[in-house]
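Trainee: Structure provided below as structure tokens; questions to follow.
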Amino acid sequence: MSSPYLYRRIYVWELPVRAFHWINALAITTLGLTGLLLGKPFSVGNAQEASFQYWVGTVRFIHFTAGYVFLFNMLVRTYWGFAGNKFARWSTFIPTTRAAFQEIVEVLKIDILQMRVKGSIHIGHNRLAGLIYFITTFIFFFQALTGFALYGPMSRTILGKLAAWVVPLMGGEMAVRQWHHTMLWFYVLFTLVHVYLVFYHDYVEGRGTTSSMVGGWKFEREDRLDP
């Protein structure tokens, strides 16, 4: 049966936002897998020369390369939060009105209790997702900061030296390493919940949430468009 509503196609996610999303996904996946190997490397027993068994060094190189990509990708997205369209701006991530807080409650009802959508949900990031992404941004930078703090003593890079103050502040290298490793599991949990909710909201709202991160377009009912 056809829908009784008319829908309009709206360009929501600009190219820099979409590029950030997929680069970030690739960087986090690479960092997570290589980080697990570095945290608990396994032994490769064979009769080759030691110089041909430098696989941990290779993993470490990939890990820090992905770390640079991750950090600079986050910096570009931070800038785009001020320069992008209204759906990308930081002002939409922080709830400041009664309607925004009401939408957070509504989204919680949808996500946890699986209730029907009532009223209008923001066509960009819904208010709950926006708030979570805003908080997560600080966690992302914390992870980058602790990573480069661990990298500093074994490198001559500027970022490594700039982050050297983190080690004494957090009580030593072991404490920094433990926090850095613990936050890896935050990323694992975040990714699982994020992927589930993207598909769930795509089904519930019918706005093209999943495909929008490829093409940038979403669909909104005309009776819910801003005047």
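Order determines the names: the first chain of the structure tokens is A, the second B, and so forth; residues in each chain are numbered 1 upward, and ligands are numbered 1 upward as they are shown.
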Using only C-alpha atoms, determine which residues lie at most 7 Å from Glu220 of chain A, disregarding the query and same-chain residues fewer than 5 positions distant; provide the list as a PDB file with C-alpha atoms, in the first residue's frame.
Mentor:
```
ATOM      1  CA  TYR A   7       8.156  13.240   0.867  1.00  0.00           C
ATOM      2  CA  ARG A   8      10.768  15.761  -0.169  1.00  0.00           C
ATOM      3  CA  ARG A   9      14.428  14.951  -0.833  1.00  0.00           C
ATOM      4  CA  ARG A 207      14.153   8.592   5.825  1.00  0.00           C
ATOM      5  CA  LEU A 225       9.212  20.492   6.932  1.00  0.00           C
TER       6      LEU A 225
END
```
Trainee: As number ranges by chain, list the residues of segment 44-206 of chain A assigned to helix (DSSP H, G or I) by DSSP on the backbone atoms of this structure.
Mentor: A: 50-52, 55-83, 90-92, 98-113, 127-154, 158-162, 166-169, 173-205
Trainee: I'd like the neighbourhood of Val176 of chain A as a PDB file with C-alpha atoms, in the first residue's frame, where a residue qualifies if any of its atoms comes within 7 Å (using only C-alpha atoms), though same-chain residues fewer than 6 positions away should be ignored.
Mentor:
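selection-v2.pdb written:
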```pdb
ATOM      1  CA  THR A 146      47.145   9.359  25.247  1.00  0.00           C
ATOM      2  CA  VAL A 167      52.414  10.875  31.130  1.00  0.00           C
ATOM      3  CA  MET A 170      48.244  10.689  34.628  1.00  0.00           C
TER       4      MET A 170
END
```
Trainee: Could you pull the residues within 7 Å of segment 117-133 of chain A, counting only C-alpha atoms, minus those fewer than 6 positions along the same chain, as a list in words?
Mentor: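 That gives Val12, Phe87, Thr92, Phe93, Ile94, Pro95, Ala100, Glu103, Ile104, Val107, Ile110 and Arg224 of chain A.
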Trainee: Just how far from atom CA of Phe138 of chain A is atom CA of Asn85 of chain A, in Å to one decimal?
Mentor: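 Between these atoms lies a distance of 21.7 Å.
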Trainee: List the neighbours of segment 16-22 of chain A out to 9 Å using only C-alpha atoms; skip same-chain residues closer than 6 positions along the sequence, and give me the result as a compact mmCIF listing (two decimals) with C-alpha atoms, in the first residue's frame.
Mentor:
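Output saved as out.txt:
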```
# COMPACT_ATOMS: atom_id res chain seq x y z
CA ASN A 73 40.40 13.68 10.31
CA MET A 74 38.95 14.75 13.67
CA VAL A 76 38.94 18.68 9.91
CA ARG A 77 35.55 17.60 11.27
CA TRP A 80 33.56 21.73 9.64
CA GLY A 84 29.43 23.37 7.41
CA ALA A 88 26.91 19.69 10.56
CA SER A 212 22.43 9.16 3.36
CA MET A 213 26.00 8.50 4.50
CA VAL A 214 26.83 7.56 0.91
CA GLY A 215 24.87 10.11 -1.11
CA GLY A 216 24.08 12.72 1.52
```
Trainee: If we count only C-alpha atoms, what is near Phe140 of chain A at a cut-off of 10 Å, once residues fewer than 4 positions away on the same chain are taken out, given as a ChimeraX atom specification?
Mentor: /A:28,70-71,74,133,135-136,144-145,183,187
Trainee: Include N, CA and C atoms and write out the residues we just selected as a compact mmCIF listing (two decimals), in the first residue's frame.
Mentor:
```txt
# COMPACT_ATOMS: atom_id res chain seq x y z
N ILE A 28 39.46 3.82 12.87
CA ILE A 28 39.15 3.19 14.15
C ILE A 28 39.29 1.68 14.05
N PHE A 70 43.53 9.45 11.97
CA PHE A 70 42.42 9.62 12.90
C PHE A 70 42.40 11.04 13.46
N LEU A 71 43.56 11.53 13.93
CA LEU A 71 43.64 12.84 14.56
C LEU A 71 43.33 13.96 13.56
N MET A 74 39.74 14.13 12.62
CA MET A 74 38.95 14.75 13.67
C MET A 74 39.10 16.27 13.66
N TYR A 133 27.38 12.21 20.21
CA TYR A 133 28.52 12.45 19.32
C TYR A 133 29.38 13.60 19.84
N ILE A 135 29.82 14.45 23.02
CA ILE A 135 30.59 13.92 24.15
C ILE A 135 31.69 12.99 23.63
N THR A 136 31.34 12.18 22.63
CA THR A 136 32.29 11.23 22.07
C THR A 136 33.49 11.93 21.44
N ALA A 144 43.46 10.05 21.23
CA ALA A 144 44.58 10.51 20.41
C ALA A 144 45.68 11.09 21.28
N LEU A 145 45.31 11.83 22.31
CA LEU A 145 46.29 12.45 23.19
C LEU A 145 47.10 11.41 23.95
N MET A 183 39.91 2.42 26.76
CA MET A 183 39.03 3.17 25.87
C MET A 183 38.82 2.46 24.54
N TYR A 187 35.17 2.06 22.11
CA TYR A 187 34.98 2.11 20.66
C TYR A 187 34.23 0.88 20.16
```
Trainee: Could you name the residues that touch Tyr68 of chain A at 12 Å or less, counting only C-alpha atoms, but leaving out those on the same chain fewer than 3 positions away, as a PyMOL selection string?
Mentor: chain A and resi 23-24+27-28+30-31+61-65+71-75+141+143-145+147-148+151+157-160
Trainee: If you keep C-alpha atoms, can you produce a file of those selected residues as a PDB file, in the first residue's frame?
Mentor:
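Done, and the output landed in selection-v5.pdb:
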```
ATOM      1  CA  ILE A  23      37.710   7.675   7.051  1.00  0.00           C
ATOM      2  CA  ASN A  24      36.969   7.594  10.772  1.00  0.00           C
ATOM      3  CA  ALA A  27      40.923   4.461  11.026  1.00  0.00           C
ATOM      4  CA  ILE A  28      39.151   3.193  14.154  1.00  0.00           C
ATOM      5  CA  THR A  30      42.663  -0.297  11.916  1.00  0.00           C
ATOM      6  CA  LEU A  31      43.601   1.208  15.279  1.00  0.00           C
ATOM      7  CA  PHE A  61      53.904   1.530  12.165  1.00  0.00           C
ATOM      8  CA  ILE A  62      50.391   0.868  10.817  1.00  0.00           C
ATOM      9  CA  HIS A  63      48.900   1.735  14.216  1.00  0.00           C
ATOM     10  CA  PHE A  64      50.586   5.122  14.455  1.00  0.00           C
ATOM     11  CA  THR A  65      49.933   5.928  10.793  1.00  0.00           C
ATOM     12  CA  LEU A  71      43.638  12.844  14.557  1.00  0.00           C
ATOM     13  CA  PHE A  72      43.755  15.026  11.450  1.00  0.00           C
ATOM     14  CA  ASN A  73      40.397  13.680  10.307  1.00  0.00           C
ATOM     15  CA  MET A  74      38.946  14.751  13.674  1.00  0.00           C
ATOM     16  CA  LEU A  75      40.517  18.197  13.343  1.00  0.00           C
ATOM     17  CA  PHE A 141      40.689  13.472  21.359  1.00  0.00           C
ATOM     18  CA  GLN A 143      42.411   8.649  22.911  1.00  0.00           C
ATOM     19  CA  ALA A 144      44.578  10.510  20.408  1.00  0.00           C
ATOM     20  CA  LEU A 145      46.293  12.455  23.193  1.00  0.00           C
ATOM     21  CA  GLY A 147      48.272   7.545  22.103  1.00  0.00           C
ATOM     22  CA  PHE A 148      50.723  10.262  21.108  1.00  0.00           C
ATOM     23  CA  TYR A 151      54.463   7.479  21.141  1.00  0.00           C
ATOM     24  CA  THR A 157      57.805  13.884  16.080  1.00  0.00           C
ATOM     25  CA  ILE A 158      56.335  17.195  17.174  1.00  0.00           C
ATOM     26  CA  LEU A 159      53.036  15.639  18.255  1.00  0.00           C
ATOM     27  CA  GLY A 160      54.827  13.083  20.399  1.00  0.00           C
TER      28      GLY A 160
END
```
